[in-house]
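> Quick one: the structure is below, and I'll ask about it shortly.
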2 protein chains.
Amino acid sequence: MEREFYTLAWIEEEADPRTGRKGFLSLLDQTLLPESEQYLKVMDVPSLISAIQRLSVRGAPALGCAGALGLAAAACRYEAGEYREFMRWLETRGREVAAARPTAVNLGWAVNRCMRSLRTMIEKGEENVVSLKNALVEEALAIQQEDKELCEKIGEHGKRLFEEKRTRVLTHCNAGALATGGQGTALAPVYMAHRQGLEPRVLADETRPLLQGARLTAWELLRAGIEVTVICDNMAARAMVEDMVDFVLVGADRIAANGDTANKIGTYGLAVLAAYHRLPFYVAAPYSTVDLELAAGGQIPIEERDPGEIRSGFGRLIAPEECPVYNPAFDVTPAELITGIITERGILRPPYSRSLRD
Amino acid sequence: MEREFYTLAWIEEEADPRTGRKGFLSLLDQTLLPESEQYLKVMDVPSLISAIQRLSVRGAPALGCAGALGLAAAACRYEAGEYREFMRWLETRGREVAAARPTAVNLGWAVNRCMRSLRTMIEKGEENVVSLKNALVEEALAIQQEDKELCEKIGEHGKRLFEEKRTRVLTHCNAGALATGGQGTALAPVYMAHRQGLEPRVLADETRPLLQGARLTAWELLRAGIEVTVICDNMAARAMVEDMVDFVLVGADRIAANGDTANKIGTYGLAVLAAYHRLPFYVAAPYSTVDLELAAGGQIPIEERDPGEIRSGFGRLIAPEECPVYNPAFDVTPAELITGIITERGILRPPYSRSLRD
């Protein structure tokens with residue numbers, strides 16, 4: 001797959017021997033797609049948090065990469081006296097980054113992983129702030145590299161679902177290259193099948209309110225030369241009954257121990273529709289999305305977002321300004337509606353309480 | 001209910017004894033809501049057809065009223081020699097109006113009813129064009145008046161569903177005052193319950209692509225002081241599972257003899273979701289929406305509309321310009337998912353093949 005764009009990248013700058021390694025996080029500003037392709041330069045925690053909250057970067061795996069790389073970029077610039085002060089600063093900033101969006105588990109996971117690796121170094125006697133900064137950058141880059149490899153593996157496992165030529169898959173939101181450090185989760189098998197000449201076809205829910213399907217999924221698939229058709233979310237049922245869909249494939253923001261899955265609002269309804277039309281419903285996500293400490297989906301915190309996203313999301317007022325709005329960002333699909341969960345370890349099948357733990 | 005707006009109205013002008021009665025159709029331009037309240041003056045068939053196709057007026061019953069009143073306005077201005085020429089002109093124009101939108105049965109029904117009434121006069125010996133024009137205006141006004149009364153009756157029958165205080169109903173698209181010559185079909189029982197102090201609460205699907213729910217339903221309910229909350233279409237399933245909905249109530253564009261119902265795209269998916277959550281699903285429509293000549297919903301023609309409605313419907317490009325789009329305007333809800341059909345004759349129950357015919 002030829003790609004002229006990247007979702008996020010670490011841009012190395014010239015190191016200063018006194019303060020250590022230096023660089024910044026370059027982020028494709030996804031709020032401007034598909035009209036304009038612009039990159040944000042992130043060098044401090046407030047601009048990282050703002051980029052995350054404005055959804056310039058989104059998608060659970062990409063949030064993990066961006067959180068770690070952005071924190072590393074900020075740390076490179078922090079002029080610390082000694083390691084204890086540096087770690088205090090980093091712990092505080094890390095907590096702020098992890099809290100920027102409550103539902104995605106990867107953000108906290110990536111930040112914690114970085115913190116843990118530095119704490120381990122300190123336990124082993126490291127007291128040099130320059131070394132700690134360098135290690136932080138390396139850990140963040142490792143998270144990104146591993147994410148890329150996870151996407152590859154998810155693609156390998158999920159590709160089995162595309163063995164017939166011109167398999168038609170319905171997807172929701174964007175779980176593609178724009179949502180990860182690699183080629184995506186739900187879209188990874190699509191890219192893989194495409195590279196093998198299997199001509200997969202994608203029906204993309206536009207995904208209100210922020211239209212990640214229409215703006216992002218359609219954009220990245222067209223770039224890759226993959227056939228994609230956009231529908232409004234409320235057309236999925238008709239597409240199913242009109243025999244335009246072989247199965248549904250979506251990403252995940254958090255998966256509970258029993259397989260209940262939080263993902264972009266609308267996913268749950270799609271799973272109900274798939275079950276009614278006897279179509280398989282698959283979730284694709286790295287194993288790090290699984291939160292074994294949550295017994296079931298009811299415990300997953302669901303972020304409610306700004307009513308303005310619905311009322312004036314298209315640059316024009318589409319509902320009366322004073323009209324109340326309900327705007328949950330995610331919903332929870334119960335495990336019993338999920339045919340399989342594609343992770344880097346294979347396609348897990350029910351009962352998930354067992355297969356997720358094994 | 002106090003109303004400062006009207007959906008459509010016949011505005012009488014000074015008659016000319018030589019050419020007969022004269023007036024025009026005044027239409028609230030619904031494409032500009034909720035931002036601006038402007039009325040269109042319709043005096044000829046091309047501007048009537050254009051207003052219908054641009055959806056300045058929409059909703060099956062309102063289309064019937066607008067078709068008849070607009071045709072009458074055009075006829076008033078047509079300078080005919082004698083009655084045969086006038087009728088030839090009218091038959092041609094009537095066919096054009098009836099064909100402006102293929103799915104709504106009311107448009108053709110209203111035009112045909114006007115034509116039939118003039119043909120009956122001619123069979124009885126009437127040859128005066130002025131008398132025929134006057135009769136055409138009267139017939140069109142009668143259609144509007146009857147529509148208003150039908151809405152009242154639908155409201156009376158449907159009100160039974162709102163007997164508990166603060167009943168919460170989920171609706172899709174706009175089947176309210178803006179869709180009829182009266183207070184609406186699906187919203188008529190809501191208005192009726194509101195007037196009786198029962199404080200009904202409405203959850204309004206925004207209804208992509210043209211957002212009739214967010215733009216129109218929210219607007220007219222707020223005007224009437226009725227509690228309404230807008231959601232994106234893909235949030236309906238979450239609202240149901242979060243116990244925010246007592247039942248679903250929608251309008252209809254065409255009902256087949258077996259009860260299968262064509263309505264705004266997204267209705268079918270909503271019916272599947274309601275069934276899954278064991279919530280009642282009601283359709284409200286005047287009996288004229290029933291087309292006994294269609295045995296089942298599969299025979300209802302489904303209009304596909306311009307991809308631009310999805311890609312750039314709201315002043316901003318939301319999908320890549322070259323991206324294919326699937327944009328059916330309606331879908332068909334099978335009778336087995338419908339709990340009851342509220343008409344002016346009462347609430348019909350399954351099996352509809354019997355109750356619709358009786």
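Here, A, B, ... name the chains of the structure tokens in the order displayed, residue numbers run from 1 inside each chain, and ligands are numbered from 1 in the same displayed order.
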Please determine the contact residues of chain B with respect to chain A at a cut-off of 7 Å, counting only C-alpha atoms, and supply them as a PyMOL selection string.
chain B and resi 34-35+208-209+214-215+218-219+228-235+237-238+265-266+268-269+272-273+314-320+323-327+331
> So that I can check the surroundings of A:Asp44, please list as a PyMOL selection string every protein, DNA and RNA residue that reaches within 10 Å of it, counting only C-alpha atoms and ignoring chain neighbours fewer than 3 positions away.
chain A and resi 24-25+41+47-49+70-78+93
> Of the candidates A:Leu348, A:Ala186, A:Ile154, A:Cys173, which shows the shortest atom-to-atom distance to A:Gly259, using only C-alpha atoms?
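Ranking A:Leu348, A:Ala186, A:Ile154, A:Cys173 by distance to A:Gly259, first place goes to A:Leu348.
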> Can you list, as a compact mmCIF listing (two decimals) with all heavy atoms, in the first residue's frame, every protein, DNA or RNA residue that comes within 9 Å of B:Thr289 when you count only C-alpha atoms, leaving out same-chain residues fewer than 6 positions away?

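Just written: selection-v4.txt:
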```txt
# COMPACT_ATOMS: atom_id res chain seq x y z
N ALA B 60 -45.95 13.22 3.27
CA ALA B 60 -46.96 12.77 2.33
C ALA B 60 -48.25 13.61 2.36
O ALA B 60 -48.69 14.09 1.31
CB ALA B 60 -47.25 11.29 2.57
N PRO B 61 -48.85 13.86 3.52
CA PRO B 61 -50.11 14.62 3.49
C PRO B 61 -49.91 16.06 3.00
O PRO B 61 -50.72 16.57 2.21
CB PRO B 61 -50.57 14.59 4.95
CG PRO B 61 -49.87 13.40 5.56
CD PRO B 61 -48.54 13.35 4.87
N ALA B 104 -44.28 8.99 -2.50
CA ALA B 104 -45.45 9.47 -1.76
C ALA B 104 -46.71 9.28 -2.60
O ALA B 104 -46.83 9.81 -3.70
CB ALA B 104 -45.28 10.94 -1.41
N VAL B 105 -47.64 8.53 -2.05
CA VAL B 105 -48.85 8.21 -2.80
C VAL B 105 -49.82 9.40 -2.81
O VAL B 105 -50.61 9.58 -3.72
CB VAL B 105 -49.51 6.93 -2.23
CG1 VAL B 105 -50.18 7.19 -0.89
CG2 VAL B 105 -50.48 6.30 -3.19
N ASN B 106 -49.74 10.27 -1.81
CA ASN B 106 -50.72 11.34 -1.64
C ASN B 106 -50.71 12.38 -2.75
O ASN B 106 -51.72 13.00 -3.05
CB ASN B 106 -50.51 12.08 -0.31
CG ASN B 106 -50.51 11.14 0.86
OD1 ASN B 106 -49.82 10.11 0.82
ND2 ASN B 106 -51.28 11.44 1.86
N ALA B 252 -45.83 7.62 7.80
CA ALA B 252 -45.71 6.66 6.70
C ALA B 252 -45.87 7.41 5.38
O ALA B 252 -46.63 8.37 5.30
CB ALA B 252 -46.76 5.57 6.81
N ASP B 253 -45.15 6.94 4.39
CA ASP B 253 -45.31 7.49 3.04
C ASP B 253 -46.21 6.61 2.19
O ASP B 253 -46.90 7.10 1.29
CB ASP B 253 -43.95 7.67 2.37
CG ASP B 253 -43.25 8.90 2.94
OD1 ASP B 253 -42.64 8.78 4.00
OD2 ASP B 253 -43.38 9.99 2.33
N ARG B 254 -46.18 5.31 2.42
CA ARG B 254 -47.08 4.41 1.70
C ARG B 254 -47.20 3.12 2.50
O ARG B 254 -46.20 2.60 3.00
CB ARG B 254 -46.55 4.13 0.29
CG ARG B 254 -47.64 3.57 -0.62
CD ARG B 254 -47.15 3.28 -2.01
NE ARG B 254 -46.94 4.47 -2.82
CZ ARG B 254 -47.05 4.48 -4.15
NH1 ARG B 254 -47.40 3.39 -4.81
NH2 ARG B 254 -46.82 5.59 -4.84
N ILE B 255 -48.41 2.61 2.61
CA ILE B 255 -48.65 1.37 3.35
C ILE B 255 -49.27 0.36 2.39
O ILE B 255 -50.28 0.64 1.74
CB ILE B 255 -49.58 1.61 4.56
CG1 ILE B 255 -48.95 2.64 5.52
CG2 ILE B 255 -49.88 0.31 5.29
CD1 ILE B 255 -49.86 3.07 6.67
N ALA B 256 -48.65 -0.81 2.27
CA ALA B 256 -49.17 -1.85 1.38
C ALA B 256 -50.33 -2.59 2.05
O ALA B 256 -50.56 -2.44 3.25
CB ALA B 256 -48.06 -2.82 1.00
```
> For the structure I just gave you, how does DSSP split stretch 242-315 of chain B - specifically, which residues are strand (DSSP E)? Reply as a list in words.
Phe247, Val248, Leu249, Val250, Arg254, Ile255, Ala256, Thr261, Ala262, Asn263, Lys264, Phe281, Tyr282, Val283, Ala284, Val290 and Asp291 of chain B
> When you draw a straight line from atom CA of A:Trp10 to atom CA of A:Glu123, how long is it in Å?
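Atom-to-atom, atom CA of A:Trp10 and atom CA of A:Glu123 are spaced 27.8 Å apart.
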> Which residue out of B:Pro46, B:Thr7, B:Arg116, B:Asn128 has the minimum interatomic distance to B:Thr19 when only C-alpha atoms are used?
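Nearest to B:Thr19: B:Asn128.
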> Name all residues at most 7 Å from A:Val245 (count only C-alpha atoms; drop same-chain ones fewer than 6 positions away) and give them as a PyMOL selection string.
chain A and resi 168-170+239
> Could you write those residues out with N, CA, C and O atoms, as a PDB file, in the first residue's frame?

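After the write, selection08.pdb holds the following:
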```pdb
ATOM      1  N   ARG A 168     -17.989  -8.124   0.862  1.00  0.00           N
ATOM      2  CA  ARG A 168     -18.534  -6.803   1.176  1.00  0.00           C
ATOM      3  C   ARG A 168     -18.678  -6.641   2.681  1.00  0.00           C
ATOM      4  O   ARG A 168     -19.423  -7.372   3.322  1.00  0.00           O
ATOM      5  N   VAL A 169     -17.957  -5.690   3.213  1.00  0.00           N
ATOM      6  CA  VAL A 169     -17.950  -5.505   4.654  1.00  0.00           C
ATOM      7  C   VAL A 169     -18.510  -4.126   4.996  1.00  0.00           C
ATOM      8  O   VAL A 169     -18.245  -3.143   4.310  1.00  0.00           O
ATOM      9  N   LEU A 170     -19.335  -4.102   6.045  1.00  0.00           N
ATOM     10  CA  LEU A 170     -19.868  -2.826   6.545  1.00  0.00           C
ATOM     11  C   LEU A 170     -19.058  -2.436   7.766  1.00  0.00           C
ATOM     12  O   LEU A 170     -18.853  -3.242   8.670  1.00  0.00           O
ATOM     13  N   ALA A 239     -29.322  -1.500   3.710  1.00  0.00           N
ATOM     14  CA  ALA A 239     -28.224  -2.140   2.981  1.00  0.00           C
ATOM     15  C   ALA A 239     -28.179  -3.634   3.302  1.00  0.00           C
ATOM     16  O   ALA A 239     -27.943  -4.463   2.425  1.00  0.00           O
TER      17      ALA A 239
END
```
> Report as a VMD selection string all protein, DNA and RNA residues lying within 9 Å of B:Leu40, evaluated on only C-alpha atoms, omitting residues in the same chain fewer than 6 positions from it.
chain B and resid 25 to 29 51 56
> Tell me, as a list of chain:residue names, which residues lie within 10 Å of B:Leu292, counting only C-alpha atoms; anything in the same chain fewer than 4 positions away does not count.
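Near B:Leu292, the qualifying residues are B:Ile255, B:Ala256, B:Ala257, B:Asn258, B:Gly259, B:Ser288, B:Ala296, B:Ser353, B:Leu356, B:Arg357.
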> For A:Ile143, list every protein, DNA or RNA residue within 8 Å, evaluated using only C-alpha atoms, and leave out those in the same chain fewer than 3 positions away; present the list as a list in words.
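Once the nearby chain positions are removed, what remains is Gly64, Cys65, Ala68, Ala110, Glu139, Ala140, Glu146 and Asp147 of chain A.
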> Since we have the selection now, will you write its residues out, keeping all heavy atoms, as an mmCIF file, in the first residue's frame?

```
data_model
loop_
_atom_site.group_PDB
_atom_site.id
_atom_site.type_symbol
_atom_site.label_atom_id
_atom_site.label_comp_id
_atom_site.auth_asym_id
_atom_site.auth_seq_id
_atom_site.Cartn_x
_atom_site.Cartn_y
_atom_site.Cartn_z
ATOM 1 N N GLY A 64 -3.037 5.976 22.153
ATOM 2 C CA GLY A 64 -1.934 5.444 22.955
ATOM 3 C C GLY A 64 -0.593 5.941 22.423
ATOM 4 O O GLY A 64 0.243 6.459 23.174
ATOM 5 N N CYS A 65 -0.396 5.823 21.111
ATOM 6 C CA CYS A 65 0.864 6.268 20.487
ATOM 7 C C CYS A 65 1.050 7.768 20.686
ATOM 8 O O CYS A 65 2.139 8.229 21.051
ATOM 9 C CB CYS A 65 0.869 5.956 18.992
ATOM 10 S SG CYS A 65 0.762 4.194 18.611
ATOM 11 N N ALA A 68 1.906 8.739 24.349
ATOM 12 C CA ALA A 68 3.282 8.424 24.732
ATOM 13 C C ALA A 68 4.266 9.346 24.013
ATOM 14 O O ALA A 68 5.165 9.923 24.633
ATOM 15 C CB ALA A 68 3.577 6.962 24.414
ATOM 16 N N ALA A 110 -0.734 3.389 27.700
ATOM 17 C CA ALA A 110 0.548 3.804 27.104
ATOM 18 C C ALA A 110 1.328 4.693 28.070
ATOM 19 O O ALA A 110 2.544 4.526 28.248
ATOM 20 C CB ALA A 110 0.302 4.530 25.787
ATOM 21 N N GLU A 139 10.794 4.261 24.642
ATOM 22 C CA GLU A 139 9.610 3.487 25.029
ATOM 23 C C GLU A 139 8.401 3.911 24.185
ATOM 24 O O GLU A 139 7.624 3.071 23.723
ATOM 25 C CB GLU A 139 9.323 3.701 26.521
ATOM 26 C CG GLU A 139 8.310 2.734 27.105
ATOM 27 C CD GLU A 139 8.801 1.289 27.174
ATOM 28 O OE1 GLU A 139 10.034 1.065 27.268
ATOM 29 O OE2 GLU A 139 7.949 0.379 27.094
ATOM 30 N N ALA A 140 8.261 5.226 23.974
ATOM 31 C CA ALA A 140 7.140 5.732 23.175
ATOM 32 C C ALA A 140 7.250 5.227 21.737
ATOM 33 O O ALA A 140 6.252 4.809 21.122
ATOM 34 C CB ALA A 140 7.103 7.261 23.213
ATOM 35 N N GLU A 146 5.298 -1.350 18.009
ATOM 36 C CA GLU A 146 4.520 -2.544 18.363
ATOM 37 C C GLU A 146 3.093 -2.419 17.834
ATOM 38 O O GLU A 146 2.504 -3.404 17.395
ATOM 39 C CB GLU A 146 4.499 -2.732 19.884
ATOM 40 C CG GLU A 146 5.823 -3.250 20.408
ATOM 41 C CD GLU A 146 5.918 -3.156 21.930
ATOM 42 O OE1 GLU A 146 4.868 -3.191 22.609
ATOM 43 O OE2 GLU A 146 7.055 -3.021 22.435
ATOM 44 N N ASP A 147 2.545 -1.202 17.887
ATOM 45 C CA ASP A 147 1.192 -0.999 17.391
ATOM 46 C C ASP A 147 1.123 -1.331 15.899
ATOM 47 O O ASP A 147 0.175 -1.972 15.429
ATOM 48 C CB ASP A 147 0.754 0.446 17.640
ATOM 49 C CG ASP A 147 -0.728 0.641 17.366
ATOM 50 O OD1 ASP A 147 -1.512 -0.252 17.740
ATOM 51 O OD2 ASP A 147 -1.094 1.659 16.767
#
```
> B:Thr343, B:Gln53, B:Gln196, B:Thr261: which is nearest B:Lys165, counting only C-alpha atoms?
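Nearest candidate to B:Lys165 out of B:Thr343, B:Gln53, B:Gln196, B:Thr261: B:Gln196.
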> Calculate how many Å separate atom CA of A:Ala295 from atom CA of A:Val250, rounding to one decimal.
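Taking atom CA of A:Ala295 and atom CA of A:Val250, their separation equals 21.5 Å.
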> Using only C-alpha atoms, pick whichever of A:Pro189, A:Arg18, A:Gln38, A:Ile52 has the shortest atom-to-atom distance to A:Gly176.
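Going through A:Pro189, A:Arg18, A:Gln38, A:Ile52 one by one, the smallest distance to A:Gly176 is for A:Pro189.
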